[in-house]
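Student: Just one file: entry-v9.cif, with mmCIF, C-alpha atoms.
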data_final
loop_
_atom_site.label_atom_id
_atom_site.label_comp_id
_atom_site.auth_asym_id
_atom_site.auth_seq_id
_atom_site.Cartn_x
_atom_site.Cartn_y
_atom_site.Cartn_z
CA MET K 65 -48.74 41.75 -32.28
CA ILE K 66 -50.58 42.79 -29.11
CA GLN K 67 -53.93 44.54 -29.35
CA SER K 68 -52.80 48.02 -28.15
CA LEU K 69 -50.21 48.28 -30.91
CA GLN K 70 -52.80 47.12 -33.44
CA ASN K 71 -55.14 49.93 -32.30
CA ILE K 72 -52.36 52.50 -32.67
CA LEU K 73 -51.64 51.28 -36.19
CA SER K 74 -55.35 51.51 -37.11
CA LEU K 75 -55.61 55.09 -35.79
CA ALA K 76 -52.47 56.09 -37.68
CA GLU K 77 -53.78 54.68 -40.93
CA GLN K 78 -57.13 56.51 -40.52
CA SER K 79 -55.53 59.81 -39.57
CA GLU K 80 -55.71 62.46 -42.33
CA ALA K 81 -53.09 64.60 -40.60
CA LEU K 82 -50.33 62.11 -41.34
CA SER K 83 -48.59 61.79 -44.63
CA PRO K 84 -48.22 58.39 -46.24
CA GLU K 85 -44.51 58.41 -45.35
CA GLN K 86 -45.33 59.11 -41.69
CA LYS K 87 -47.99 56.42 -41.68
CA LYS K 88 -45.44 53.94 -43.16
CA ALA K 89 -42.84 54.93 -40.58
CA ILE K 90 -45.34 54.44 -37.76
CA ALA K 91 -46.37 51.07 -39.18
CA ASP K 92 -42.74 49.94 -39.46
CA TRP K 93 -42.06 51.08 -35.88
CA ILE K 94 -45.14 49.29 -34.58
CA LYS K 95 -44.17 46.08 -36.41
CA GLU K 96 -40.63 46.27 -35.01
CA ALA K 97 -41.98 46.90 -31.51
CA GLY K 98 -44.30 43.94 -31.92
CA LYS K 99 -41.35 41.71 -32.84
CA HIS K 100 -39.45 42.82 -29.72
CA ILE K 101 -42.51 42.22 -27.60
CA ASP K 102 -42.93 38.75 -29.12
CA ILE K 103 -39.26 37.96 -28.39
CA ILE K 104 -39.58 39.22 -24.82
CA THR K 105 -42.76 37.21 -24.35
CA PHE K 106 -41.03 34.10 -25.68
CA LYS K 107 -38.09 34.63 -23.35
CA LEU K 108 -40.40 35.16 -20.40
CA GLU K 109 -42.29 31.98 -21.20
CA ARG K 110 -39.01 30.09 -21.58
CA THR K 111 -37.73 31.51 -18.29
CA GLU K 112 -40.92 30.41 -16.59
CA LYS K 113 -40.50 26.90 -17.96
CA VAL K 114 -36.89 26.86 -16.77
CA LYS K 115 -38.03 28.00 -13.33
CA ARG K 116 -40.63 25.25 -13.17
CA THR K 117 -38.09 22.66 -14.38
CA THR K 118 -35.49 23.94 -11.89
CA SER K 119 -38.02 23.80 -9.07
CA ILE K 120 -38.86 20.20 -9.92
CA LEU K 121 -35.16 19.26 -10.13
CA LEU K 122 -34.47 21.07 -6.85
CA GLU K 123 -37.24 19.17 -5.11
CA GLU K 124 -35.91 15.91 -6.51
CA THR K 125 -32.37 16.84 -5.43
CA ILE K 126 -33.54 17.72 -1.92
CA GLU K 127 -35.37 14.41 -1.68
CA GLU K 128 -32.29 12.54 -2.96
CA LEU K 129 -30.05 14.37 -0.50
CA GLU K 130 -32.41 13.51 2.34
CA GLN K 131 -32.28 9.86 1.35
CA LYS K 132 -28.47 10.03 1.22
CA ARG K 133 -28.41 11.74 4.63
CA LYS K 134 -30.47 8.95 6.12
CA ALA K 135 -28.22 6.36 4.44
CA ILE K 136 -25.13 8.10 5.86
CA GLU K 137 -26.69 8.16 9.34
CA GLU K 138 -27.44 4.45 9.08
CA THR K 139 -23.88 3.81 7.85
CA ASN K 140 -22.43 5.88 10.70
CA THR K 141 -24.53 3.95 13.20
CA ALA K 142 -23.32 0.66 11.72
CA LEU K 143 -19.70 1.88 11.71
CA THR K 144 -19.96 3.04 15.33
CA ARG K 145 -21.34 -0.35 16.33
CA SER K 146 -18.60 -2.12 14.35
CA LEU K 147 -15.94 0.08 15.98
CA GLU K 148 -17.24 -0.77 19.44
CA GLU K 149 -17.23 -4.46 18.55
CA LEU K 150 -13.68 -4.18 17.18
CA LYS K 151 -12.52 -2.41 20.35
CA ALA K 152 -14.09 -5.14 22.46
CA ALA K 153 -12.47 -7.82 20.28
CA GLN K 154 -9.11 -6.02 20.48
CA ALA K 155 -9.37 -5.83 24.27
CA GLN K 156 -10.08 -9.57 24.38
CA LEU K 157 -7.14 -10.30 22.09
CA ILE K 158 -4.81 -8.16 24.20
CA GLN K 159 -5.96 -9.98 27.31
CA SER K 160 -5.48 -13.30 25.50
CA GLU K 161 -1.94 -12.23 24.58
CA LYS K 162 -1.21 -11.39 28.21
CA MET K 163 -2.67 -14.68 29.42
CA ALA K 164 -0.71 -16.56 26.77
CA SER K 165 2.54 -15.05 28.04
CA LEU K 166 1.46 -15.94 31.59
CA GLY K 167 0.88 -19.52 30.49
CA GLU K 168 4.35 -19.63 28.97
CA LEU K 169 5.74 -18.50 32.32
CA THR K 170 3.99 -21.14 34.40
CA ALA K 171 6.37 -24.01 33.69
CA GLY K 172 9.42 -21.81 34.17
CA ILE K 173 8.07 -20.47 37.45
CA ALA K 174 7.34 -23.98 38.70
CA HIS K 175 10.91 -25.00 37.90
CA GLU K 176 12.36 -21.90 39.56
CA ILE K 177 10.25 -22.35 42.70
CA GLN K 178 11.17 -26.02 42.96
CA ASN K 179 14.88 -25.23 43.34
CA PRO K 180 14.60 -23.03 46.47
CA LEU K 181 11.95 -25.36 47.89
CA ASN K 182 14.37 -28.27 47.53
CA PHE K 183 16.98 -26.25 49.43
CA VAL K 184 14.43 -25.37 52.14
CA ASN K 185 13.41 -29.00 52.53
CA ASN K 186 17.00 -30.29 52.55
CA PHE K 187 18.33 -27.72 55.02
CA SER K 188 15.26 -28.23 57.23
CA GLU K 189 15.91 -31.98 57.34
CA VAL K 190 19.61 -31.47 58.09
CA SER K 191 18.76 -28.89 60.77
CA ARG K 192 16.41 -31.35 62.45
CA GLU K 193 19.19 -33.94 62.56
CA LEU K 194 21.60 -31.32 63.96
CA LEU K 195 19.09 -30.36 66.66
CA ASP K 196 18.77 -34.04 67.64
CA GLU K 197 22.57 -34.22 67.92
CA MET K 198 22.66 -30.95 69.89
CA LYS K 199 20.04 -32.33 72.27
CA MET K 200 22.17 -35.43 72.83
CA ALA K 201 25.25 -33.25 73.38
CA LEU K 202 23.42 -31.20 75.98
CA ASP K 203 22.21 -34.37 77.69
CA ASN K 204 25.86 -35.49 77.82
CA ASP K 205 26.89 -32.07 79.07
CA GLU K 206 29.02 -31.50 75.93
CA LYS K 207 28.47 -27.74 75.74
CA GLU K 208 31.19 -26.94 73.18
CA GLU K 209 29.87 -29.49 70.72
CA ALA K 210 26.34 -28.24 71.35
CA LYS K 211 27.47 -24.68 70.53
CA GLU K 212 29.09 -25.86 67.29
CA LEU K 213 25.90 -27.69 66.34
CA ALA K 214 23.88 -24.58 67.19
CA GLU K 215 26.10 -22.52 64.85
CA ASP K 216 25.45 -25.05 62.06
CA VAL K 217 21.71 -24.81 62.68
CA ILE K 218 21.88 -21.00 62.58
CA GLN K 219 23.70 -21.13 59.23
CA ASN K 220 21.09 -23.55 57.90
CA MET K 221 18.30 -21.27 59.08
CA GLU K 222 19.90 -18.38 57.21
CA LYS K 223 20.07 -20.50 54.05
CA ILE K 224 16.44 -21.54 54.51
CA MET K 225 15.48 -17.90 54.90
CA HIS K 226 17.48 -16.93 51.81
CA HIS K 227 15.86 -19.55 49.59
CA GLY K 228 12.44 -18.88 51.10
CA LYS K 229 12.79 -15.21 50.10
CA ARG K 230 13.89 -16.35 46.65
CA ALA K 231 10.71 -18.41 46.24
CA ASP K 232 8.67 -15.49 47.60
CA GLY K 233 10.25 -13.19 45.02
CA ILE K 234 9.40 -15.57 42.19
CA VAL K 235 5.75 -15.78 43.31
CA LYS K 236 5.53 -12.00 43.60
CA GLY K 237 6.99 -11.67 40.12
CA MET K 238 4.37 -14.06 38.77
CA LEU K 239 1.58 -12.12 40.49
CA GLN K 240 2.95 -8.86 39.12
CA HIS K 241 2.95 -10.29 35.63
CA SER K 242 -0.54 -11.76 35.88
CA ARG K 243 -2.37 -8.80 37.33
CA SER K 244 -3.45 -5.79 35.32
CA SER K 245 -0.86 -3.05 35.22
CA SER K 246 -1.49 -0.26 37.71
CA GLY K 247 0.34 2.13 35.44
CA GLN K 248 2.46 3.23 38.40
CA LYS K 249 6.20 3.45 37.89
CA GLU K 250 8.48 1.93 40.51
CA LEU K 251 12.22 1.92 41.06
CA THR K 252 13.16 -1.39 39.46
CA ASP K 253 16.44 -3.28 39.19
CA ILE K 254 16.67 -3.68 35.42
CA ASN K 255 19.39 -6.34 35.52
CA ALA K 256 17.43 -8.48 37.99
CA LEU K 257 14.26 -8.08 35.92
CA CYS K 258 16.02 -9.18 32.70
CA ASP K 259 17.76 -12.10 34.46
CA GLU K 260 14.54 -13.37 36.02
CA TYR K 261 12.52 -13.30 32.80
CA LEU K 262 15.36 -14.85 30.79
CA ARG K 263 15.51 -17.87 33.09
CA LEU K 264 11.73 -18.19 33.34
CA ALA K 265 11.36 -18.02 29.56
CA TYR K 266 14.06 -20.68 29.08
CA HIS K 267 12.52 -23.10 31.57
CA GLY K 268 9.10 -22.43 30.06
CA TRP K 269 10.41 -23.53 26.65
CA ARG K 270 12.05 -26.59 28.20
CA ALA K 271 8.77 -27.55 29.83
CA LYS K 272 6.86 -27.21 26.54
CA ASP K 273 9.45 -29.01 24.45
CA HIS K 274 11.85 -31.38 26.24
CA SER K 275 14.03 -31.49 23.11
CA PHE K 276 14.51 -27.72 23.21
CA ASN K 277 18.05 -26.69 23.94
CA ALA K 278 19.68 -23.29 23.66
CA LYS K 279 22.58 -21.45 25.20
CA PHE K 280 21.74 -18.20 26.95
CA GLU K 281 24.06 -15.54 28.29
CA THR K 282 23.78 -12.27 30.20
CA VAL K 283 26.07 -9.29 29.87
CA PHE K 284 24.88 -6.85 32.52
CA ASP K 285 26.32 -3.42 33.26
CA GLU K 286 26.20 -3.13 37.05
CA SER K 287 26.10 0.68 36.79
CA VAL K 288 22.61 0.49 35.27
CA GLY K 289 21.07 0.14 38.73
CA LYS K 290 17.41 0.96 39.28
CA ILE K 291 15.19 3.24 37.21
CA ASN K 292 11.53 4.19 37.33
CA VAL K 293 9.51 1.86 35.11
CA ILE K 294 6.20 -0.01 35.21
CA PRO K 295 7.66 -3.45 36.08
CA GLN K 296 4.68 -5.53 34.94
CA ASP K 297 4.62 -3.88 31.52
CA LEU K 298 8.38 -3.84 30.97
CA GLY K 299 8.53 -7.47 32.12
CA ARG K 300 5.95 -8.41 29.46
CA VAL K 301 8.05 -6.71 26.78
CA ILE K 302 11.26 -8.45 27.87
CA LEU K 303 9.49 -11.82 28.10
CA ASN K 304 7.96 -11.39 24.65
CA LEU K 305 11.28 -10.47 23.03
CA ILE K 306 13.14 -13.34 24.74
CA ASN K 307 10.43 -15.83 23.76
CA ASN K 308 10.69 -14.59 20.17
CA ALA K 309 14.46 -15.06 20.32
CA PHE K 310 14.13 -18.64 21.61
CA PHE K 311 11.54 -19.33 18.91
CA ALA K 312 13.94 -18.07 16.21
CA VAL K 313 16.93 -20.12 17.38
CA ASN K 314 14.74 -23.20 17.80
CA GLU K 315 13.41 -22.79 14.24
CA ARG K 316 16.93 -22.50 12.88
CA ALA K 317 18.13 -25.47 14.93
CA ASN K 318 15.30 -27.59 13.52
CA THR K 319 16.07 -26.59 9.92
CA PRO K 320 18.65 -28.89 8.28
CA GLN K 321 21.74 -26.88 7.30
CA PRO K 322 25.41 -27.59 6.72
CA PRO K 323 27.82 -26.39 9.43
CA LYS K 324 29.49 -23.07 8.65
CA GLY K 325 33.25 -23.49 8.48
CA GLY K 326 32.86 -26.94 9.99
CA VAL K 327 31.42 -25.49 13.21
CA PRO K 328 27.99 -26.91 14.20
CA TYR K 329 25.22 -24.43 14.90
CA GLU K 330 24.73 -23.54 18.56
CA PRO K 331 21.43 -21.74 19.34
CA THR K 332 22.30 -18.71 21.45
CA VAL K 333 20.36 -15.86 23.08
CA ILE K 334 22.22 -13.00 24.75
CA VAL K 335 20.54 -10.42 27.00
CA SER K 336 22.62 -7.38 27.82
CA THR K 337 22.22 -4.01 29.52
CA SER K 338 24.26 -0.82 29.36
CA LEU K 339 24.05 2.91 29.81
CA SER K 340 23.62 5.05 26.72
CA PRO K 341 25.99 8.04 26.54
CA LEU K 342 24.89 11.58 27.29
CA SER K 343 24.62 14.06 24.46
CA GLY K 344 26.97 17.01 24.19
CA SER K 345 24.54 19.11 26.22
CA GLY K 346 24.62 16.60 29.06
CA VAL K 347 21.16 15.19 28.44
CA GLY K 348 19.73 12.17 26.70
CA GLY K 349 21.35 9.43 28.75
CA GLY K 350 19.38 6.26 29.32
CA VAL K 351 19.38 2.51 29.82
CA ILE K 352 19.79 0.12 26.90
CA ILE K 353 18.42 -3.43 27.00
CA SER K 354 19.41 -5.69 24.10
CA ILE K 355 18.03 -9.13 23.27
CA ARG K 356 20.18 -10.74 20.59
CA ASP K 357 19.83 -14.15 18.95
CA ASN K 358 21.54 -16.06 16.18
CA GLY K 359 18.28 -17.47 14.86
CA THR K 360 16.50 -17.32 11.54
CA GLY K 361 16.39 -13.53 11.26
CA ILE K 362 13.55 -11.55 9.69
CA PRO K 363 13.11 -11.20 5.90
CA ALA K 364 13.99 -7.67 4.74
CA ALA K 365 10.66 -7.39 2.91
CA VAL K 366 8.65 -7.54 6.15
CA VAL K 367 10.92 -5.82 8.70
CA GLU K 368 8.95 -2.56 8.45
CA LYS K 369 5.70 -4.42 9.23
CA ILE K 370 6.69 -6.30 12.37
CA PHE K 371 5.39 -3.64 14.79
CA GLN K 372 1.99 -3.47 13.04
CA PRO K 373 -0.94 -5.02 14.96
CA PHE K 374 -1.84 -8.58 13.90
CA PHE K 375 1.24 -8.99 11.70
CA THR K 376 3.29 -12.09 12.50
CA THR K 377 6.00 -14.10 10.81
CA LYS K 378 5.17 -17.18 12.88
CA PRO K 379 3.17 -20.08 11.42
CA THR K 380 -0.61 -19.97 11.75
CA GLY K 381 -1.73 -20.65 15.31
CA GLN K 382 1.65 -19.87 16.87
CA GLY K 383 1.31 -16.09 17.15
CA THR K 384 -1.42 -13.48 17.54
CA GLY K 385 0.56 -10.72 15.85
CA LEU K 386 0.04 -8.50 18.90
CA GLY K 387 3.20 -9.17 20.92
CA LEU K 388 5.53 -6.74 19.16
CA SER K 389 2.78 -4.17 18.61
CA LEU K 390 1.95 -4.10 22.34
CA SER K 391 5.65 -4.08 23.23
CA TYR K 392 6.24 -1.08 20.97
CA ASP K 393 3.36 0.84 22.58
CA ILE K 394 4.50 -0.04 26.12
CA ILE K 395 8.03 1.23 25.45
CA SER K 396 7.17 4.31 23.37
CA LYS K 397 3.94 5.50 24.98
CA GLY K 398 4.25 4.05 28.47
CA HIS K 399 7.92 4.80 29.07
CA GLY K 400 8.94 7.44 26.52
CA GLY K 401 11.57 5.10 25.11
CA THR K 402 12.34 3.42 21.80
CA LEU K 403 12.19 -0.15 20.52
CA GLN K 404 14.36 -0.86 17.47
CA VAL K 405 15.35 -3.94 15.52
CA GLU K 406 18.42 -4.98 13.55
CA THR K 407 18.19 -8.23 11.66
CA THR K 408 19.82 -10.28 8.93
CA GLU K 409 17.81 -13.08 7.40
CA GLY K 410 19.43 -16.41 8.21
CA SER K 411 21.88 -14.93 10.73
CA GLY K 412 19.95 -13.46 13.65
CA THR K 413 18.13 -10.51 15.18
CA CYS K 414 18.75 -7.92 17.85
CA PHE K 415 15.97 -5.96 19.53
CA THR K 416 17.12 -2.88 21.42
CA ILE K 417 15.08 -1.11 24.09
CA THR K 418 16.24 2.36 25.12
CA LEU K 419 14.69 3.84 28.27
CA PRO K 420 15.29 7.32 29.64
CA GLN K 421 16.78 7.16 33.14
CA GLN K 422 14.18 9.65 34.32
CA ALA K 423 11.38 7.44 32.91
#
Now, as a test, write the supplied structure out as structure tokens.
Tutor:
Amino acid sequence: MIQSLQNILSLAEQSEALSPEQKKAIADWIKEAGKHIDIITFKLERTEKVKRTTSILLEETIEELEQKRKAIEETNTALTRSLEELKAAQAQLIQSEKMASLGELTAGIAHEIQNPLNFVNNFSEVSRELLDEMKMALDNDEKEEAKELAEDVIQNMEKIMHHGKRADGIVKGMLQHSRSSSGQKELTDINALCDEYLRLAYHGWRAKDHSFNAKFETVFDESVGKINVIPQDLGRVILNLINNAFFAVNERANTPQPPKGGVPYEPTVIVSTSLSPLSGSGVGGGVIISIRDNGTGIPAAVVEKIFQPFFTTKPTGQGTGLGLSLSYDIISKGHGGTLQVETTEGSGTCFTITLPQQA
């Protein structure tokens, strides 16, 4: 009991004006008040201890949070550095993929250039002989024969010019494929683009593997005409899909299998173009490019993964896993089109590109 209450109790007990009952009542009240004061004092002391404990815990928590903040900053710095390194590595891989496709083209381009060069050389040699004959005819004053020889030379010159332009076109196509895309769309003959890359891909495979043999066909809709596309990028997509098709038919051809219905397997790749129909509202028309093969097909379990970066069904070392991913981005993001696949394992695959005509 605190001292002030003790003094009050002493005064009450000494007072002669209070009856014993009053003195007892005052004593009881003072004792009860003392108990309450003791309880309040205890609670205050406990509260003070809690405050001190809470303050210590708060300081420790703040210190721990500061340490975690620093750790997070360090982690963020490391993640940012890793992201930059991954972006740089991805850029290198994409460039490697582009250069790999360029390398695959080289043999096919060499073969394609050799044909028109042979024509140029042959017609040049024949023209020289005709000019010698024309000179002799003029010396003998045989003007009619000289005119006929001159007509032959003119025809040969036209053929030389034609095949020279053909070789020039092949070189320009190679340069377009090798240089970085400008991102600029140009009116491009889709049928010619598909035909050129189909033949270059085929000759490229023949140059790599002399035993390679496959039938290839084109089914072009002449009404497709020209549409606005980025030719370098679309060419890379077409080349990648055709190369994949040749790979699939070559794998199947090299896998021992009994003939179906007594008919031996014939590796075949078909490239076709067509116009997609307009919707009921008169919009939505576009150009369809299909690359179909009767190769190994794609297992159903992995079809949904084939457009993911770095996923490949090819054996280790024969694919980066970026070809289809880049192709998908070029078609969807670069041209506002779609790239879809239909496949049956063991029977073949068809990749379909749909491009809006106003692309």
Student: Point out the residue among K:Val405, K:Ala365, K:Leu419, K:Val217 with the least atom-to-atom distance to Val293 in chain K, counting only C-alpha atoms.
Tutor: K:Leu419
Student: Enter the distance from CA of Ser411 in chain K to CA of Gly361 in chain K, in Å, rounded to one decimal.
Tutor: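 Separation between CA of Ser411 in chain K and CA of Gly361 in chain K: 5.7 Å.
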Student: Would you mind reading off the distance between CA of Ser338 in chain K and CA of Leu257 in chain K, one decimal, in Å?
Tutor: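 Computing it gives 14.0 Å between the two atoms.
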Student: I'd like to know which of K:Ser391, K:Thr111, K:Ser74, K:Thr360 is closest to Thr407 in chain K, using only C-alpha atoms.
Tutor: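 Among the listed residues, K:Thr360 lies closest to Thr407 in chain K.
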Student: If you count only C-alpha atoms, which residues fall within 6 Å of range 175-185 of chain K, apart from same-chain ones fewer than 4 positions away, as a compact mmCIF listing (two decimals) with C-alpha atoms, keeping the file's coordinate frame?
Tutor:
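Okay, selection.txt is ready:
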# COMPACT_ATOMS: atom_id res chain seq x y z
CA ILE K 224 16.44 -21.54 54.51
CA HIS K 227 15.86 -19.55 49.59
CA ALA K 231 10.71 -18.41 46.24
Student: Figure out the distance between CA of Arg270 in chain K and CA of Lys223 in chain K, please, to one decimal in Å.
Tutor: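 About the pair CA of Lys223 in chain K and CA of Arg270 in chain K: they are 27.7 Å apart.
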Student: K:Asp205, K:Asp297, K:Glu215, K:Asp357: which is nearest Glu409 in chain K, counting all atoms listed in the file?
Tutor: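 Of K:Asp205, K:Asp297, K:Glu215, K:Asp357, the one nearest Glu409 in chain K, counting all atoms listed in the file, is K:Asp357.
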Student: K:Ala309, K:Leu262, K:Ile90, K:Val366: which is nearest Thr413 in chain K, counting only C-alpha atoms?
Tutor: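 For Thr413 in chain K, the nearest of the candidates is K:Ala309.
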Student: If the PyMOL selection byres ((chain K and resi 276) around 10) were run on this exact file, what residues would it hold? Put them as a PyMOL selection string.
Tutor: chain K and resi 266-267+269-275+277-278+310-311+313-314+317-318+331
Student: Compare K:Gly398, K:Asn255, K:Leu202, K:Leu303 by their minimum atom-to-atom distance to Gly268 in chain K, counting all atoms listed in the file, and give me the closest one.
Tutor: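 Looking at the shortest contact to Gly268 in chain K, the residue is K:Leu303.
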Student: With distances taken over only C-alpha atoms, which residue among K:Glu85, K:Arg316, K:Pro420, K:Phe187 lies nearest Gly228 in chain K?
Tutor: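 Closest residue, counting only C-alpha atoms: K:Phe187.
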Student: Taking (14.1, -1.8, 32.6) in the file's coordinates, which residues come within 10 Å, counting all atoms listed in the file, written as a PyMOL selection string?
Tutor: chain K and resi 251-258+288-295+297-299+301-302+337+351-353+395+399+417-421+423
Student: Give me the result of the PyMOL selection byres ((chain K and resi 336) around 7) on this file, residue by residue, as JSON, numbers by chain.
Tutor: {"K": [282, 283, 284, 334, 335, 337, 338, 353, 354, 355]}
Student: Those same residues - C-alpha atoms - I'd like them written as a compact mmCIF listing (two decimals), keeping the file's coordinate frame.
Tutor:
# COMPACT_ATOMS: atom_id res chain seq x y z
CA THR K 282 23.78 -12.27 30.20
CA VAL K 283 26.07 -9.29 29.87
CA PHE K 284 24.88 -6.85 32.52
CA ILE K 334 22.22 -13.00 24.75
CA VAL K 335 20.54 -10.42 27.00
CA THR K 337 22.22 -4.01 29.52
CA SER K 338 24.26 -0.82 29.36
CA ILE K 353 18.42 -3.43 27.00
CA SER K 354 19.41 -5.69 24.10
CA ILE K 355 18.03 -9.13 23.27
Student: Find the smallest box with edges along x, y and z containing every listed atom of range 89-102 of chain K, then add 8 Å on each side and report centre and edge lengths in Å to one decimal, as AutoDock Vina command-line options.
Tutor:
--center_x -42.9 --center_y 46.8 --center_z -34.1 --size_x 22.9 --size_y 32.2 --size_z 29.0
Student: So what does the PyMOL selection byres ((chain K and resi 213) around 8) actually pick up in this one, as a PyMOL selection string?
Tutor: chain K and resi 194-195+197-198+209-212+214-217
Student: What does the file look like for those residues with C-alpha atoms, as a CSV table (one decimal), keeping the file's coordinate frame?
Tutor:
chain,number,residue,atom,x,y,z
K,194,LEU,CA,21.6,-31.3,64.0
K,195,LEU,CA,19.1,-30.4,66.7
K,197,GLU,CA,22.6,-34.2,67.9
K,198,MET,CA,22.7,-31.0,69.9
K,209,GLU,CA,29.9,-29.5,70.7
K,210,ALA,CA,26.3,-28.2,71.4
K,211,LYS,CA,27.5,-24.7,70.5
K,212,GLU,CA,29.1,-25.9,67.3
K,214,ALA,CA,23.9,-24.6,67.2
K,215,GLU,CA,26.1,-22.5,64.8
K,216,ASP,CA,25.4,-25.0,62.1
K,217,VAL,CA,21.7,-24.8,62.7
Student: Assuming the input is short of atoms at range 96-113 of chain K, produce N, CA and C atoms for that part as a short mmCIF file (atom, residue, chain, number, x, y, z; two decimals), in the coordinates of the input.
Tutor:
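Saved as result31.cif:
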data_model
loop_
_atom_site.label_atom_id
_atom_site.label_comp_id
_atom_site.auth_asym_id
_atom_site.auth_seq_id
_atom_site.Cartn_x
_atom_site.Cartn_y
_atom_site.Cartn_z
N GLU K 96 -41.88 46.59 -35.69
CA GLU K 96 -40.63 46.27 -35.01
C GLU K 96 -40.84 46.10 -33.51
N ALA K 97 -41.68 47.01 -32.93
CA ALA K 97 -41.98 46.90 -31.51
C ALA K 97 -42.70 45.60 -31.20
N GLY K 98 -43.58 45.19 -32.11
CA GLY K 98 -44.30 43.94 -31.92
C GLY K 98 -43.36 42.75 -31.90
N LYS K 99 -42.34 42.80 -32.81
CA LYS K 99 -41.35 41.71 -32.84
C LYS K 99 -40.61 41.62 -31.50
N HIS K 100 -40.17 42.81 -31.01
CA HIS K 100 -39.45 42.82 -29.72
C HIS K 100 -40.32 42.28 -28.59
N ILE K 101 -41.60 42.70 -28.65
CA ILE K 101 -42.51 42.22 -27.60
C ILE K 101 -42.69 40.71 -27.71
N ASP K 102 -42.79 40.21 -28.94
CA ASP K 102 -42.93 38.75 -29.12
C ASP K 102 -41.70 38.00 -28.59
N ILE K 103 -40.50 38.61 -28.86
CA ILE K 103 -39.26 37.96 -28.39
C ILE K 103 -39.21 37.96 -26.86
N ILE K 104 -39.57 39.13 -26.29
CA ILE K 104 -39.58 39.22 -24.82
C ILE K 104 -40.57 38.25 -24.21
N THR K 105 -41.73 38.15 -24.85
CA THR K 105 -42.76 37.21 -24.35
C THR K 105 -42.25 35.78 -24.41
N PHE K 106 -41.59 35.45 -25.53
CA PHE K 106 -41.03 34.10 -25.68
C PHE K 106 -39.99 33.80 -24.59
N LYS K 107 -39.12 34.81 -24.37
CA LYS K 107 -38.09 34.63 -23.35
C LYS K 107 -38.68 34.48 -21.96
N LEU K 108 -39.74 35.27 -21.70
CA LEU K 108 -40.40 35.16 -20.40
C LEU K 108 -41.02 33.79 -20.21
N GLU K 109 -41.67 33.31 -21.29
CA GLU K 109 -42.29 31.98 -21.20
C GLU K 109 -41.24 30.90 -20.98
N ARG K 110 -40.09 31.08 -21.73
CA ARG K 110 -39.01 30.09 -21.58
C ARG K 110 -38.42 30.14 -20.17
N THR K 111 -38.25 31.35 -19.65
CA THR K 111 -37.73 31.51 -18.29
C THR K 111 -38.65 30.85 -17.27
N GLU K 112 -39.94 31.01 -17.50
CA GLU K 112 -40.92 30.41 -16.59
C GLU K 112 -40.83 28.88 -16.63
N LYS K 113 -40.65 28.35 -17.84
CA LYS K 113 -40.50 26.90 -17.96
C LYS K 113 -39.23 26.42 -17.24
#
